[in-house]
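Below you'll find the structure, written out as structure tokens, and then a few comments.
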Amino acid sequence: MRLDRITELARKYVEYDMISTHTELPDFPVPRVRLLYTFLTDREDVTQKSAENCALAAFLVQTGMDTHDLIDLGDGEQQESKMRSRQLKVLAGDYFSSVFYALLAGAGEIDMVSAMSSAICEANSLKVKLYTKLKQMLLTAEDYLKESTQVKMCLFLAFSGLLDKSKQNVWRLMLTELSRCEVVMDELKHSSSIPEKRRGYAYLHILETGTSEDKEMLRRHSVGEREWGSMLIKYNMKEQLSGLLQQSLERAQMLLQECRGDKLRAEIHSVLEPFQNVLSIQRRAAQEG
């Protein structure tokens with residue numbers, strides 16, 4: 001079965017004209033879901049239907065939480081279109097997050113309902129701590145990556161008990177590296193956003209390693225798009241992030257050797273392949289530049 005099976009099943013829940021017309025959804029958690037589905041189907045006593053239900057539930061809950069993260073909480077009056085977008089994000093996030101009850105209860109996975117509910121609370125708690133530390137400037141760039149990775153993997157760890165015990169350790173380690181890859185990809189995608197809108201790895205890294213003049217500019221919140229773009233080039237942030245992506249992929253490839261069975265290794269390799277493709281594109285662009 002193709003590994004994009006769960007994404008296909010999720011379409012009937014996430015593809016609504018009202019949502020696509022008036023707001024946006026986050027990137028779907030496809031890599032983590034594919035990894036979960038791969039490990040679930042590797043266990044002989046887990047039926048395909050049960051694996052599908054669990055993976056689909058994880059897909060929808062994570063999408064629901066990520067949708068809520070996109071809600072703009074800015075004060076003051078807003079245009080009607082922005083208000084509608086905010087309202088739809090709230091409703092869509094609530095809907096996606098609630099569907100998992102019906103999916104798992106209908107499949108008789110009552111224990112997983114409780115486990116996922118606890119994981120949702122834990123993920124939200126980790127997220128609040130991360131945002132608080134960011135606001136108070138209590139994080140290094142590396143700590144930011146580590147804690148962001150923990151947030152991404154938290155929900156999926158709830159399924160560890162369903163996996164073969166002999167594979168639970170490699171599952172956790174592989175999930176860590178895959179989640180870190182997703183975090184770094186997010187940073188590559190959004191690093192061009194000025195610090196007033198997003199304070200991520202690049203911002204924290206420059207605060208740690210930059211010149212006193214650049215640090216002062218960041219602290220004074222006086223960096224516009226032009227200045228920020230110059231800083232990203234000056235401190236080789238794209239190359240820095242590409243290096244971090246490569247490190248996680250190399251660790252994941254080493255873990256791949258610990259996976260028993262050609263089918264399992266082949267499917268995990270397929271999960272990692274999109275990240276490798278991005279890295280290859282980054283390298284070609286650097287060479288041509």
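Labeling convention for the structure tokens: chains A, B, ... as they appear, residues from 1 per chain, ligands from 1 in order of appearance.
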
Q: Skip region 258-269 of chain A itself and residues of its chain fewer than 6 positions away, then list as a list of chain:residue names all residues within 7 Å of it, counting only C-alpha atoms.
A: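 After dropping sequence-adjacent residues, the list is A:Leu35, A:Thr38, A:Asp42.
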
Q.
Report as a PyMOL selection string all protein, DNA and RNA residues lying within 10 Å of Leu232 (chain A), evaluated on only C-alpha atoms, omitting residues in the same chain fewer than 5 positions from it.
A. chain A and resi 191-192+202-203+206+227+237-239

Can those selected residues be exported to a file as a short mmCIF file (atom, residue, chain, number, x, y, z; two decimals), in the first residue's frame so that it contains C-alpha atoms?
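Saved to result.cif:
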```
data_model
loop_
_atom_site.label_atom_id
_atom_site.label_comp_id
_atom_site.auth_asym_id
_atom_site.auth_seq_id
_atom_site.Cartn_x
_atom_site.Cartn_y
_atom_site.Cartn_z
CA SER A 191 13.68 32.40 7.95
CA SER A 192 13.18 35.35 5.57
CA ALA A 202 18.13 32.45 12.61
CA TYR A 203 17.18 35.25 14.98
CA ILE A 206 22.55 35.88 15.17
CA GLU A 227 18.48 44.66 6.83
CA MET A 237 21.87 31.14 7.64
CA LYS A 238 20.65 29.08 4.71
CA GLU A 239 23.90 27.11 4.74
#
```

Q: Would you mind reading off the distance between CA of Thr67 (chain A) and CA of Ile19 (chain A), one decimal, in Å?
A: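 Atom-to-atom, CA of Thr67 (chain A) and CA of Ile19 (chain A) are spaced 11.2 Å apart.
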
**Q.** Selection near Glu15 (chain A), 12 Å with only C-alpha atoms, sequence-local residues under 6 positions removed, as a PyMOL selection string
**A.** chain A and resi 7-9+21+23-25+28+60+92+96

Could you write out that same residue set with C-alpha atoms as a PDB file, in the first residue's frame?
```pdb
ATOM      1  CA  THR A   7      -3.344  11.683   3.306  1.00  0.00           C
ATOM      2  CA  GLU A   8      -5.937  10.444   0.830  1.00  0.00           C
ATOM      3  CA  LEU A   9      -8.217   9.315   3.660  1.00  0.00           C
ATOM      4  CA  THR A  21     -11.699  30.086   0.128  1.00  0.00           C
ATOM      5  CA  THR A  23      -8.414  30.933   5.208  1.00  0.00           C
ATOM      6  CA  GLU A  24      -5.308  28.779   5.033  1.00  0.00           C
ATOM      7  CA  LEU A  25      -4.328  25.518   6.640  1.00  0.00           C
ATOM      8  CA  PHE A  28       0.085  18.656   6.900  1.00  0.00           C
ATOM      9  CA  LEU A  60      -6.230  15.146  12.063  1.00  0.00           C
ATOM     10  CA  ALA A  92     -11.539  23.985  11.642  1.00  0.00           C
ATOM     11  CA  PHE A  96     -10.087  18.258  13.096  1.00  0.00           C
TER      12      PHE A  96
END
```

Q | Closest of A:Pro274, A:Gly161, A:Gly93, A:Gly64 to Leu245 (chain A) - atom-to-atom distances counting only C-alpha atoms | A |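 Checking each candidate against Leu245 (chain A), we get A:Pro274 as the closest.
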
(Q) Using only C-alpha atoms, which protein or nucleic acid residues come within 6 Å of region 138-147 of chain A? Drop anything in the same chain fewer than 3 positions from it, and give the result as a list in words. (A) Lys133, Gln150, Tyr201, Leu204 and His205 of chain A

Selection file, all heavy atoms, as a CSV table (one decimal), in the first residue's frame:
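Result file is result_8.csv:
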```csv
chain,number,residue,atom,x,y,z
A,133,LYS,N,9.5,31.1,26.9
A,133,LYS,CA,11.0,31.2,26.9
A,133,LYS,C,11.4,32.1,25.7
A,133,LYS,O,12.4,32.9,25.8
A,133,LYS,CB,11.6,29.9,26.8
A,133,LYS,CG,11.5,29.0,28.1
A,133,LYS,CD,12.2,27.7,27.9
A,133,LYS,CE,12.1,26.8,29.1
A,133,LYS,NZ,12.7,25.5,29.0
A,150,GLN,N,10.6,18.6,20.3
A,150,GLN,CA,9.8,17.9,21.3
A,150,GLN,C,8.3,18.2,21.1
A,150,GLN,O,7.5,17.3,21.3
A,150,GLN,CB,10.2,18.3,22.7
A,150,GLN,CG,11.6,17.8,23.1
A,150,GLN,CD,12.1,18.3,24.4
A,150,GLN,OE1,11.6,19.3,24.9
A,150,GLN,NE2,13.1,17.6,25.0
A,201,TYR,N,15.1,30.2,14.7
A,201,TYR,CA,16.5,29.8,14.8
A,201,TYR,C,17.5,30.9,14.3
A,201,TYR,O,18.5,31.2,15.0
A,201,TYR,CB,16.8,28.5,14.1
A,201,TYR,CG,18.2,28.0,14.2
A,201,TYR,CD1,18.6,27.2,15.2
A,201,TYR,CD2,19.2,28.4,13.2
A,201,TYR,CE1,19.9,26.8,15.4
A,201,TYR,CE2,20.5,27.9,13.3
A,201,TYR,CZ,20.8,27.1,14.4
A,201,TYR,OH,22.1,26.7,14.5
A,204,LEU,N,17.8,33.8,16.8
A,204,LEU,CA,18.5,33.4,18.0
A,204,LEU,C,20.0,33.2,17.7
A,204,LEU,O,20.9,33.6,18.6
A,204,LEU,CB,17.9,32.2,18.7
A,204,LEU,CG,16.5,32.4,19.2
A,204,LEU,CD1,15.9,31.0,19.6
A,204,LEU,CD2,16.4,33.3,20.4
A,205,HIS,N,20.3,32.6,16.6
A,205,HIS,CA,21.7,32.3,16.2
A,205,HIS,C,22.5,33.6,16.0
A,205,HIS,O,23.6,33.7,16.5
A,205,HIS,CB,21.7,31.5,15.0
A,205,HIS,CG,23.1,31.2,14.5
A,205,HIS,ND1,23.9,30.2,15.1
A,205,HIS,CD2,23.9,31.7,13.5
A,205,HIS,CE1,25.1,30.2,14.5
A,205,HIS,NE2,25.1,31.1,13.5
```

Q: Could you check which of A:Met174, A:Leu70, A:Cys181, A:Ile194 is closest to Leu256 (chain A), using only C-alpha atoms?
A: A:Met174

Q. At what distance in Å, to one decimal, does CA of Ser270 (chain A) lie from CA of Met116 (chain A)?
A. 26.4 Å

Q: Determine the nearest neighbour of Pro195 (chain A) from the options A:Lys135, A:Lys165, A:Arg180, A:Lys12, counting only C-alpha atoms.
A: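 Among A:Lys135, A:Lys165, A:Arg180, A:Lys12, it is A:Lys135 that comes nearest to Pro195 (chain A).
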